Each structure stands twice: as C-alpha cells, then as structure tokens.
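S.K.: Take this structure first; my questions come after.
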Amino acid sequence: MLALPVLTSLGGFIPSLVIYVCCWFFMACTGLLFLEISLWMHKEANIVSMADRTLGLSGKVVAWVVYLFLFYCLTLAYIVGSGNMVVNVFSNTIPTWAGSIIFVVIFAPFVFAGARFVGKINVILMFGLAVSFLIFVWVGYAYVNPINLKHKNWAMSLLALPVSFTSFAYQGIIPTLIHYMGNDAKKTRIAIIVGSFIPLVIYVIWQWLIMGIVPTYGPGGLAETLEKGQYAVEPLHQFIQSPIIYVIGQYFAFFALLTSFFGVTLGLLDFLADGFGIKKSHANKFTLSLLVFIPPLVIACLYPHIFLKTLDFAGGFGCAILLGLLPILMVWSGRYRLGLKSEYALPGGKLILLILSAFVFFELACELYFKFLGK
C-alpha cells in the first residue's frame with residue numbers, strides 16, 4: 001500500500017485503477033482456484049503439499065523455491081522500509097543501515113515469541129492502522145488537487161502490475177480459512193470475493209489521496225520519490241501546509257509496515273520449520289529466527305534504498321508465479337489429468353484457465369521488458 005501510488009505514478013490515476021481492477025479480478029479467481037484445490041486435499045495443506053499432490057516432485061520443488069524467494073523479498077522490503085523510518089525518527093543522525101539493524105533488534109524477538117503473542121500485539125496495531133488511515137483521509141482530502149489526477153500514460157501504467165499482484169496476495173490463508181468456515185465452500189467463496197474487494201476500495205481511496213496531493217512530476221513529486229526508492233508518505237510534507245497530515249501518514253506507514261512484517265516473518269518461520277521438519281523448541285526457534293532475519297538484514301544494510309525494487313521483484317516474479325501461474329497449473333492437472341472433483345470449481349472450464357494463464361505471461365513479459373529492455 002505504501003508503494004502503490006509511487007510505482008503507479010508514471011501511469012497516472014485512471015490507468016492505475018484499471019490495473020487494480022484487473023489484478024483484483026485475477027487474484028480473486030486464483031483465490032477461488034485455491035479453494036477448489038483445498039477441497040481436494042480434505043485437510044489444511046500448504047501450497048507445497050498442494051503442488052506435490054497435483055504436479056508431483058517438480059511442482060513441489062518450484063513451489064519451495066518460489067515461496068522462499070517471495071517471502072525473503074517481502075521480509076527484505078519491510079526491513080528496509082521500517083529501517084528508513086527508524087532513521088527518520090533519529091532525524092537522519094544515524095546511517096541508513098543502522099536503522100534496519102535497530103528495527104530488527106527491537107521487533108524480531110516478537111516473532112521469536114510466537115504467533116499467539118504477536119496476535120495480541122497485532123490487534124492493537126491493526127486498530128492503529130485503521131484509525132490512522134481514517135484520520136489521514138479525513139484531514140488530507142482538502143489538499144487533493146484534481147489536476148494532479150488527470151495525468152495518463154497507459155504504457156507506463158504497466159509498471160504497476162507487479163506491486164498490484166503483491167497487494168492482492170492472500171491465497172496462502174485459504175486452507176486455514178476453509179477449515180475455519182467448517183469446509184463450507186459457499187461461505188468461503190463469499191469470504192474470498194468480498195474480503196479481497198474491500199482492499200480494492202481502500203486502495204482506490206488511498207491512490208486518489210496521495211496522487212491528488214502529490215503531483216507526478218516536478219520537485220518532490222512522485223516520479224522523484226520513485227527514483228529515490230521511498231514510500232508514498234515521504235513527499236507529503238512538501239505539498240501541504242500543515243505538518244499534521246505528514247505525522248499521521250508516518251503513523252499509518254509504521255502500522256502498515258509492522259503488521260506486514262509480523263505476518264510475513266511468522267509465515268516464513270513456520271514454513272522453514274515445516275519444510276525442514278524441525279520442531280519449534282526454543283533452541284530450534286532461535287536457529288530458525290536467524291535463518292529468517294540474517295540474510296535479508298545483511299542485504300538491507302548493503303542496499304538500504306531498495307524498498308520499492310524488492311516489492312517490485314516480489315510481485316513481478318514471486319506472486320505472479322506462486323499465486324498466479326501455479327494454482328492454474330495445479331487445477332488444470334487436478335481436473336483434467338488426475339480427474340479430481342469437489343463441490344466447488346471455478347466456472348469457465350479450460351477457457352478461463354487459459355485466459356488467466358495469458359494474463360500471468362503478459363505480466364511476466366512486462367516485468368522482464370521493464371527490468372532488462374525498457375531502460
């Protein structure tokens with residue numbers, strides 16, 4: 001969410017909304033594909049075990065590698081973004097790499113303490129996130145300039161595809177969700193569609209607010225913010241008279257980064273424990289925590305301005321393959337090779353699977369072009 005207005009700024013407001021709607025529809029469909037696969041499994045199962053059953057060893061290996069790539073990229077992004085915020089708290093009197101270290105030293109022990117402890121903290125953080133967002137919108141709408149929203153560049157709007165993929169990623173919780181729903185396919189389907197649509201509405205409001213306040217081009221604009229690798233709240237203080245909205249924005253950014261950081265790192269720790277068959281004793285959890293935090297922390301210290309680039313890679317390749325292409329292949333194999341059936345299947349048969357596949361390959365082609373040929 002902090003990256004969306006920046007990475008979509010070159011395309012403009014209206015084109016970015018089209019990208020959001022397309023990505024929401026695609027990710028809602030792949031979420032429903034995961035629902036279908038979960039019903040085949042007859043128990044809670046992670047993406048790796050799903051791939052193993054439907055695609056065999058090769059699918060399991062791909063799922064393993066891409067899962068680790070995606071979650072390490074996200075962990076790195078949140079460490080970098082949070083580290084930069086720590087530097088701001090110290091009024092830029094400490095080096096950028098020190099901010100990442102301070103953040104990890106303070107908050108990694110929460111992850112080590114476990115999901116139950118983090119869950120209690122997360123209730124407070126999510127409340128703070130919601131309140132700061134509502135206050136931010138209420139105070140900030142008066143500063144929106146409609147002229148800033150008229151910029152359009154449809155070709156450059158494709159830069160928004162990778163981070164939009166990441167913004168609608170939730171599929172990993174579907175096995176848990178359907179278990180929570182008592183294996184009720186209808187209720188789970190509604191939860192997926194409505195639950196993923198709510199963020200779409202919030203993203204549109206957020207996009208309108210940031211892009212309406214901060215122009216794309218010019219000193220301190222979103223294009224300059226993109227070059228610096230900063231998140232959306234950073235340029236606000238240059239375009240508003242009252243400092244309160246910038247302060248509220250910083251609080252919102254803190255809550256957004258920290259809640260995301262906890263969710264991703266807890267998931268990565270559990271994934272490593274399950275994947276390696278390690279019981280989560282205190283000693284083993286300490287080792288697992290080192291595996292979770294040390295590699296991304298080292299990279300964050302060496303490259304402290306790669307927040308946006310890391311999210312871009314995570315969405316452009318990680319989410320597109322793991323949460324986009326893989327469920328399509330798993331459903332195709334399960335339906336038409338293994339003959340698996342369940343009480344729910346995404347309508348459209350092979351045609352919708354081919355259309356969804358084409359969208360993934362289009363996104364990957366755009367990502368490769370902008371990364372290696374479009375510069």
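Labeling convention for the structure tokens: chains A, B, ... as they appear, residues from 1 per chain, ligands from 1 in order of appearance.
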Please identify all polymer residues within 8 Å of Asn145 (chain A), counting only C-alpha atoms, omitting same-chain residues fewer than 4 positions from it, and present them as number ranges by chain.
M.R.: A: 149, 212-213
S.K.: Go ahead and write the residues just picked, N, CA, C and O atoms, as a short mmCIF file (atom, residue, chain, number, x, y, z; two decimals), in the first residue's frame.
M.R.:
```cif
data_model
loop_
_atom_site.label_atom_id
_atom_site.label_comp_id
_atom_site.auth_asym_id
_atom_site.auth_seq_id
_atom_site.Cartn_x
_atom_site.Cartn_y
_atom_site.Cartn_z
N LEU A 149 -4.68 14.47 -10.89
CA LEU A 149 -5.26 13.16 -11.21
C LEU A 149 -5.51 12.98 -12.71
O LEU A 149 -5.96 11.90 -13.13
N GLY A 212 -3.54 12.76 -5.62
CA GLY A 212 -4.19 14.06 -5.67
C GLY A 212 -3.42 15.14 -4.94
O GLY A 212 -3.45 16.31 -5.33
N ILE A 213 -2.69 14.77 -3.90
CA ILE A 213 -1.91 15.74 -3.13
C ILE A 213 -0.54 15.97 -3.77
O ILE A 213 -0.08 17.11 -3.91
#
```
S.K.: From a backbone DSSP assignment, name each residue in region 30-189 of chain A labelled alpha helix (DSSP H), as an NGL selection string.
M.R.: :A and (30-41 or 47-89 or 96-113 or 115-140 or 161-167 or 174-180 or 185-189)
S.K.: Determine the nearest neighbour of Val247 (chain A) from the options A:Phe112, A:Phe90, A:Phe307, A:Phe136, counting only C-alpha atoms.
M.R.: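 Among A:Phe112, A:Phe90, A:Phe307, A:Phe136, it is A:Phe136 that comes nearest to Val247 (chain A).
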S.K.: Listing only residues of region 234-332 of chain A within 12 Å of region 217-223 of chain A, what is the closest atom pair and its distance in Å (to one decimal) for each, using only C-alpha atoms, sorted by chain and residue number ascending, as a tab-separated table?
M.R.:
```
residue	atom	partner	partner_atom	distance
A:Glu234	CA	A:Gly220	CA	9.2
A:Pro235	CA	A:Gly220	CA	5.9
A:Leu236	CA	A:Gly220	CA	8.7
A:His237	CA	A:Gly220	CA	9.4
A:Gln238	CA	A:Gly220	CA	6.8
A:Phe239	CA	A:Gly220	CA	8.4
A:Ile240	CA	A:Gly220	CA	11.9
```
S.K.: Those same residues - N, CA and C atoms - I'd like them written as a compact mmCIF listing (two decimals), in the first residue's frame.
M.R.:
```txt
# COMPACT_ATOMS: atom_id res chain seq x y z
N GLU A 234 6.45 9.88 2.18
CA GLU A 234 7.63 10.75 2.28
C GLU A 234 7.47 12.13 1.64
N PRO A 235 6.90 12.25 0.43
CA PRO A 235 6.87 13.58 -0.20
C PRO A 235 5.76 14.50 0.28
N LEU A 236 4.89 14.03 1.19
CA LEU A 236 3.71 14.81 1.56
C LEU A 236 4.05 16.17 2.16
N HIS A 237 5.09 16.22 2.99
CA HIS A 237 5.35 17.46 3.72
C HIS A 237 5.75 18.62 2.80
N GLN A 238 6.10 18.30 1.54
CA GLN A 238 6.48 19.36 0.60
C GLN A 238 5.27 19.99 -0.08
N PHE A 239 4.08 19.38 0.07
CA PHE A 239 2.94 19.86 -0.68
C PHE A 239 1.73 20.21 0.19
N ILE A 240 1.90 20.17 1.50
CA ILE A 240 0.82 20.56 2.40
C ILE A 240 1.36 21.56 3.42
```
S.K.: Give me the residues within 10 Å of Asn183 (chain A) as a PyMOL selection string, counting only C-alpha atoms and dropping any in the same chain fewer than 4 places off.
M.R.: chain A and resi 35+38-39+42-43+175-179+187-188
S.K.: For Leu269 (chain A), work out the shell of residues within 8 Å, counting only C-alpha atoms and skipping chain neighbours fewer than 4 positions away, then give it as a PyMOL selection string.
M.R.: chain A and resi 265+273+288-289+292
S.K.: Measure the distance from CA of Lys228 (chain A) to CA of Phe71 (chain A) in Å and round it to one decimal.
M.R.: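 Going from CA of Lys228 (chain A) over to CA of Phe71 (chain A), I get 23.6 Å.
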S.K.: Which neighbours of Ser157 (chain A) fall inside 9 Å, counting only C-alpha atoms, when residues of the same chain fewer than 5 positions from it are skipped, and could you give them as a ChimeraX atom specification?
M.R.: /A:7-12,15-16,19,152
S.K.: Would you save the residues of that selection, restricted to N, CA, C and O atoms, as a compact mmCIF listing (two decimals), in the first residue's frame?
M.R.:
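Below is the file that was written, result31.txt:
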```txt
# COMPACT_ATOMS: atom_id res chain seq x y z
N LEU A 7 4.81 3.56 -7.37
CA LEU A 7 5.10 2.71 -8.53
C LEU A 7 4.07 2.87 -9.64
O LEU A 7 4.34 2.51 -10.79
N THR A 8 2.90 3.41 -9.33
CA THR A 8 1.89 3.63 -10.36
C THR A 8 1.87 5.07 -10.86
O THR A 8 1.09 5.41 -11.75
N SER A 9 2.71 5.92 -10.30
CA SER A 9 2.63 7.36 -10.57
C SER A 9 2.89 7.71 -12.04
O SER A 9 2.24 8.61 -12.58
N LEU A 10 3.80 7.01 -12.69
CA LEU A 10 4.14 7.35 -14.08
C LEU A 10 2.98 7.03 -15.02
O LEU A 10 2.87 7.62 -16.10
N GLY A 11 2.12 6.11 -14.64
CA GLY A 11 0.97 5.78 -15.46
C GLY A 11 -0.20 6.72 -15.25
O GLY A 11 -0.97 6.97 -16.18
N GLY A 12 -0.35 7.24 -14.05
CA GLY A 12 -1.44 8.14 -13.77
C GLY A 12 -2.57 7.47 -13.00
O GLY A 12 -2.61 6.24 -12.86
N PRO A 15 -5.36 5.09 -15.29
CA PRO A 15 -4.77 3.81 -15.70
C PRO A 15 -4.44 2.89 -14.53
O PRO A 15 -4.59 1.67 -14.64
N SER A 16 -4.01 3.47 -13.42
CA SER A 16 -3.69 2.63 -12.25
C SER A 16 -4.93 1.94 -11.71
O SER A 16 -4.86 0.79 -11.26
N ILE A 19 -5.58 -1.11 -13.74
CA ILE A 19 -4.65 -2.17 -13.34
C ILE A 19 -5.12 -2.83 -12.04
O ILE A 19 -5.11 -4.06 -11.90
N LYS A 152 -2.13 10.79 -17.63
CA LYS A 152 -2.35 9.43 -18.12
C LYS A 152 -1.18 9.01 -19.02
O LYS A 152 -0.75 9.76 -19.90
```
S.K.: Considering only C-alpha atoms, return as a PDB file with N, CA, C and O atoms, in the first residue's frame whatever protein or nucleic-acid residues lie within 10 Å of Ile210 (chain A), sequence-local ones (same chain, fewer than 4 positions apart) excluded.
M.R.:
```
ATOM      1  N   LEU A   2       1.977   1.223   0.724  1.00  0.00           N
ATOM      2  CA  LEU A   2       2.881   2.362   0.761  1.00  0.00           C
ATOM      3  C   LEU A   2       3.595   2.556  -0.571  1.00  0.00           C
ATOM      4  O   LEU A   2       4.020   3.655  -0.906  1.00  0.00           O
ATOM      5  N   LEU A   4       2.211   1.553  -3.645  1.00  0.00           N
ATOM      6  CA  LEU A   4       1.293   1.632  -4.780  1.00  0.00           C
ATOM      7  C   LEU A   4       1.277   2.991  -5.481  1.00  0.00           C
ATOM      8  O   LEU A   4       1.477   3.060  -6.703  1.00  0.00           O
ATOM      9  N   PRO A   5       1.042   4.111  -4.790  1.00  0.00           N
ATOM     10  CA  PRO A   5       0.965   5.388  -5.512  1.00  0.00           C
ATOM     11  C   PRO A   5       2.278   5.791  -6.169  1.00  0.00           C
ATOM     12  O   PRO A   5       2.271   6.530  -7.161  1.00  0.00           O
ATOM     13  N   VAL A   6       3.393   5.313  -5.624  1.00  0.00           N
ATOM     14  CA  VAL A   6       4.696   5.673  -6.183  1.00  0.00           C
ATOM     15  C   VAL A   6       4.979   4.872  -7.459  1.00  0.00           C
ATOM     16  O   VAL A   6       5.326   5.430  -8.497  1.00  0.00           O
ATOM     17  N   SER A   9       2.708   5.921 -10.304  1.00  0.00           N
ATOM     18  CA  SER A   9       2.630   7.363 -10.573  1.00  0.00           C
ATOM     19  C   SER A   9       2.886   7.709 -12.036  1.00  0.00           C
ATOM     20  O   SER A   9       2.242   8.607 -12.579  1.00  0.00           O
ATOM     21  N   PHE A  13      -3.512   8.268 -12.533  1.00  0.00           N
ATOM     22  CA  PHE A  13      -4.561   7.798 -11.642  1.00  0.00           C
ATOM     23  C   PHE A  13      -5.526   6.825 -12.326  1.00  0.00           C
ATOM     24  O   PHE A  13      -5.723   5.696 -11.856  1.00  0.00           O
ATOM     25  N   VAL A 137      -7.342  10.225   5.739  1.00  0.00           N
ATOM     26  CA  VAL A 137      -8.276  10.558   4.658  1.00  0.00           C
ATOM     27  C   VAL A 137      -9.100  11.795   5.019  1.00  0.00           C
ATOM     28  O   VAL A 137      -9.292  12.695   4.194  1.00  0.00           O
ATOM     29  N   GLY A 140      -6.714  14.809   4.970  1.00  0.00           N
ATOM     30  CA  GLY A 140      -5.979  15.026   3.724  1.00  0.00           C
ATOM     31  C   GLY A 140      -6.812  15.361   2.513  1.00  0.00           C
ATOM     32  O   GLY A 140      -6.297  15.944   1.553  1.00  0.00           O
ATOM     33  N   TYR A 141      -8.130  15.041   2.531  1.00  0.00           N
ATOM     34  CA  TYR A 141      -8.910  15.225   1.301  1.00  0.00           C
ATOM     35  C   TYR A 141      -8.968  16.688   0.866  1.00  0.00           C
ATOM     36  O   TYR A 141      -9.105  16.995  -0.317  1.00  0.00           O
ATOM     37  N   TYR A 143      -6.625  18.712   0.660  1.00  0.00           N
ATOM     38  CA  TYR A 143      -5.412  19.080  -0.080  1.00  0.00           C
ATOM     39  C   TYR A 143      -5.346  18.448  -1.467  1.00  0.00           C
ATOM     40  O   TYR A 143      -4.378  18.651  -2.196  1.00  0.00           O
ATOM     41  N   VAL A 144      -6.351  17.657  -1.821  1.00  0.00           N
ATOM     42  CA  VAL A 144      -6.348  16.990  -3.123  1.00  0.00           C
ATOM     43  C   VAL A 144      -6.585  18.007  -4.238  1.00  0.00           C
ATOM     44  O   VAL A 144      -7.547  18.786  -4.186  1.00  0.00           O
ATOM     45  N   ASN A 148      -3.889  17.054 -10.546  1.00  0.00           N
ATOM     46  CA  ASN A 148      -2.864  16.019 -10.399  1.00  0.00           C
ATOM     47  C   ASN A 148      -3.363  14.645 -10.842  1.00  0.00           C
ATOM     48  O   ASN A 148      -2.557  13.759 -11.147  1.00  0.00           O
ATOM     49  N   LEU A 149      -4.677  14.466 -10.889  1.00  0.00           N
ATOM     50  CA  LEU A 149      -5.258  13.162 -11.212  1.00  0.00           C
ATOM     51  C   LEU A 149      -5.510  12.980 -12.711  1.00  0.00           C
ATOM     52  O   LEU A 149      -5.956  11.902 -13.125  1.00  0.00           O
ATOM     53  N   ILE A 205      -9.168   4.694  -2.710  1.00  0.00           N
ATOM     54  CA  ILE A 205      -9.204   5.899  -1.877  1.00  0.00           C
ATOM     55  C   ILE A 205      -7.794   6.391  -1.592  1.00  0.00           C
ATOM     56  O   ILE A 205      -7.492   7.591  -1.700  1.00  0.00           O
ATOM     57  N   TRP A 206      -6.900   5.482  -1.228  1.00  0.00           N
ATOM     58  CA  TRP A 206      -5.506   5.816  -0.932  1.00  0.00           C
ATOM     59  C   TRP A 206      -4.818   6.412  -2.158  1.00  0.00           C
ATOM     60  O   TRP A 206      -4.105   7.405  -2.067  1.00  0.00           O
ATOM     61  N   VAL A 214       0.125  14.892  -4.176  1.00  0.00           N
ATOM     62  CA  VAL A 214       1.493  14.981  -4.696  1.00  0.00           C
ATOM     63  C   VAL A 214       1.468  14.835  -6.218  1.00  0.00           C
ATOM     64  O   VAL A 214       1.028  13.805  -6.738  1.00  0.00           O
ATOM     65  N   PRO A 215       1.934  15.823  -6.972  1.00  0.00           N
ATOM     66  CA  PRO A 215       1.971  15.693  -8.438  1.00  0.00           C
ATOM     67  C   PRO A 215       2.986  14.638  -8.863  1.00  0.00           C
ATOM     68  O   PRO A 215       3.895  14.292  -8.107  1.00  0.00           O
ATOM     69  N   LEU A 222       6.078  12.488  -7.240  1.00  0.00           N
ATOM     70  CA  LEU A 222       6.102  11.031  -7.107  1.00  0.00           C
ATOM     71  C   LEU A 222       7.163  10.389  -7.988  1.00  0.00           C
ATOM     72  O   LEU A 222       7.725   9.351  -7.631  1.00  0.00           O
ATOM     73  N   ALA A 232       5.183   6.197  -0.198  1.00  0.00           N
ATOM     74  CA  ALA A 232       4.267   7.258  -0.612  1.00  0.00           C
ATOM     75  C   ALA A 232       4.143   8.411   0.365  1.00  0.00           C
ATOM     76  O   ALA A 232       3.828   9.532  -0.038  1.00  0.00           O
ATOM     77  N   VAL A 233       4.368   8.181   1.647  1.00  0.00           N
ATOM     78  CA  VAL A 233       4.153   9.232   2.644  1.00  0.00           C
ATOM     79  C   VAL A 233       5.264  10.276   2.625  1.00  0.00           C
ATOM     80  O   VAL A 233       5.044  11.441   2.978  1.00  0.00           O
ATOM     81  N   PRO A 235       6.900  12.250   0.432  1.00  0.00           N
ATOM     82  CA  PRO A 235       6.868  13.578  -0.203  1.00  0.00           C
ATOM     83  C   PRO A 235       5.755  14.497   0.284  1.00  0.00           C
ATOM     84  O   PRO A 235       5.680  15.647  -0.154  1.00  0.00           O
ATOM     85  N   LEU A 236       4.893  14.031   1.185  1.00  0.00           N
ATOM     86  CA  LEU A 236       3.711  14.808   1.558  1.00  0.00           C
ATOM     87  C   LEU A 236       4.048  16.169   2.155  1.00  0.00           C
ATOM     88  O   LEU A 236       3.375  17.164   1.868  1.00  0.00           O
TER      89      LEU A 236
END
```
S.K.: Mind checking which residues fall within 9 Å of Gly172 (chain A), counting only C-alpha atoms, ignoring those fewer than 2 positions away in the same chain, and posting them as a list in words?
M.R.: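 Counting only C-alpha atoms, the residues come to Gly31, Phe34, Asn46, Ile47, Ala169, Tyr170, Ile174, Pro175, Thr176 and Leu323 of chain A.
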S.K.: Let me see the file: selected residues, all heavy atoms, as an mmCIF file, in the first residue's frame.
M.R.:
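Contents of selection36.cif, as written:
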```cif
data_model
loop_
_atom_site.group_PDB
_atom_site.id
_atom_site.type_symbol
_atom_site.label_atom_id
_atom_site.label_comp_id
_atom_site.auth_asym_id
_atom_site.auth_seq_id
_atom_site.Cartn_x
_atom_site.Cartn_y
_atom_site.Cartn_z
ATOM 1 N N GLY A 31 -7.689 -17.139 -6.116
ATOM 2 C CA GLY A 31 -8.119 -17.498 -4.774
ATOM 3 C C GLY A 31 -9.188 -18.576 -4.802
ATOM 4 O O GLY A 31 -9.162 -19.524 -4.002
ATOM 5 N N PHE A 34 -7.568 -21.829 -5.517
ATOM 6 C CA PHE A 34 -7.006 -22.408 -4.292
ATOM 7 C C PHE A 34 -8.101 -23.036 -3.423
ATOM 8 O O PHE A 34 -7.858 -24.038 -2.738
ATOM 9 C CB PHE A 34 -6.251 -21.342 -3.490
ATOM 10 C CG PHE A 34 -4.803 -21.224 -3.860
ATOM 11 C CD1 PHE A 34 -4.337 -20.113 -4.549
ATOM 12 C CD2 PHE A 34 -3.899 -22.216 -3.533
ATOM 13 C CE1 PHE A 34 -3.003 -19.990 -4.890
ATOM 14 C CE2 PHE A 34 -2.560 -22.111 -3.875
ATOM 15 C CZ PHE A 34 -2.105 -20.993 -4.562
ATOM 16 N N ASN A 46 -0.493 -26.731 2.977
ATOM 17 C CA ASN A 46 0.180 -25.560 2.437
ATOM 18 C C ASN A 46 0.363 -25.696 0.919
ATOM 19 O O ASN A 46 0.054 -26.724 0.319
ATOM 20 C CB ASN A 46 1.530 -25.326 3.139
ATOM 21 C CG ASN A 46 2.462 -26.511 3.000
ATOM 22 O OD1 ASN A 46 2.529 -27.158 1.948
ATOM 23 N ND2 ASN A 46 3.199 -26.811 4.061
ATOM 24 N N ILE A 47 0.854 -24.637 0.308
ATOM 25 C CA ILE A 47 0.980 -24.600 -1.147
ATOM 26 C C ILE A 47 1.917 -25.689 -1.648
ATOM 27 O O ILE A 47 1.701 -26.279 -2.720
ATOM 28 C CB ILE A 47 1.471 -23.212 -1.589
ATOM 29 C CG1 ILE A 47 0.394 -22.165 -1.269
ATOM 30 C CG2 ILE A 47 1.804 -23.193 -3.080
ATOM 31 C CD1 ILE A 47 0.813 -20.742 -1.546
ATOM 32 N N ALA A 169 -2.385 -10.241 -2.642
ATOM 33 C CA ALA A 169 -1.958 -11.595 -2.281
ATOM 34 C C ALA A 169 -2.525 -11.980 -0.920
ATOM 35 O O ALA A 169 -2.345 -11.258 0.055
ATOM 36 C CB ALA A 169 -0.433 -11.673 -2.266
ATOM 37 N N TYR A 170 -3.207 -13.091 -0.862
ATOM 38 C CA TYR A 170 -3.806 -13.584 0.382
ATOM 39 C C TYR A 170 -4.005 -15.098 0.330
ATOM 40 O O TYR A 170 -4.411 -15.720 1.308
ATOM 41 C CB TYR A 170 -5.190 -12.942 0.572
ATOM 42 C CG TYR A 170 -6.141 -13.287 -0.552
ATOM 43 C CD1 TYR A 170 -6.960 -14.404 -0.482
ATOM 44 C CD2 TYR A 170 -6.163 -12.535 -1.714
ATOM 45 C CE1 TYR A 170 -7.798 -14.755 -1.534
ATOM 46 C CE2 TYR A 170 -6.997 -12.868 -2.774
ATOM 47 C CZ TYR A 170 -7.803 -13.978 -2.679
ATOM 48 O OH TYR A 170 -8.606 -14.320 -3.729
ATOM 49 N N ILE A 174 -6.016 -19.523 2.552
ATOM 50 C CA ILE A 174 -7.277 -20.160 2.167
ATOM 51 C C ILE A 174 -7.461 -21.542 2.800
ATOM 52 O O ILE A 174 -8.566 -21.866 3.254
ATOM 53 C CB ILE A 174 -7.408 -20.210 0.630
ATOM 54 C CG1 ILE A 174 -7.642 -18.791 0.124
ATOM 55 C CG2 ILE A 174 -8.548 -21.132 0.193
ATOM 56 C CD1 ILE A 174 -7.720 -18.656 -1.370
ATOM 57 N N PRO A 175 -6.435 -22.406 2.870
ATOM 58 C CA PRO A 175 -6.635 -23.686 3.560
ATOM 59 C C PRO A 175 -7.091 -23.508 5.005
ATOM 60 O O PRO A 175 -7.960 -24.242 5.491
ATOM 61 C CB PRO A 175 -5.255 -24.346 3.483
ATOM 62 C CG PRO A 175 -4.624 -23.755 2.269
ATOM 63 C CD PRO A 175 -5.097 -22.331 2.249
ATOM 64 N N THR A 176 -6.519 -22.520 5.696
ATOM 65 C CA THR A 176 -6.933 -22.230 7.066
ATOM 66 C C THR A 176 -8.342 -21.651 7.090
ATOM 67 O O THR A 176 -9.156 -21.981 7.961
ATOM 68 C CB THR A 176 -5.955 -21.240 7.720
ATOM 69 O OG1 THR A 176 -4.641 -21.791 7.678
ATOM 70 C CG2 THR A 176 -6.341 -20.958 9.163
ATOM 71 N N LEU A 323 1.341 -17.479 -6.784
ATOM 72 C CA LEU A 323 -0.079 -17.268 -6.516
ATOM 73 C C LEU A 323 -0.889 -17.036 -7.786
ATOM 74 O O LEU A 323 -2.107 -16.877 -7.715
ATOM 75 C CB LEU A 323 -0.263 -16.069 -5.574
ATOM 76 C CG LEU A 323 0.521 -16.141 -4.258
ATOM 77 C CD1 LEU A 323 0.285 -14.899 -3.424
ATOM 78 C CD2 LEU A 323 0.163 -17.388 -3.469
#
```
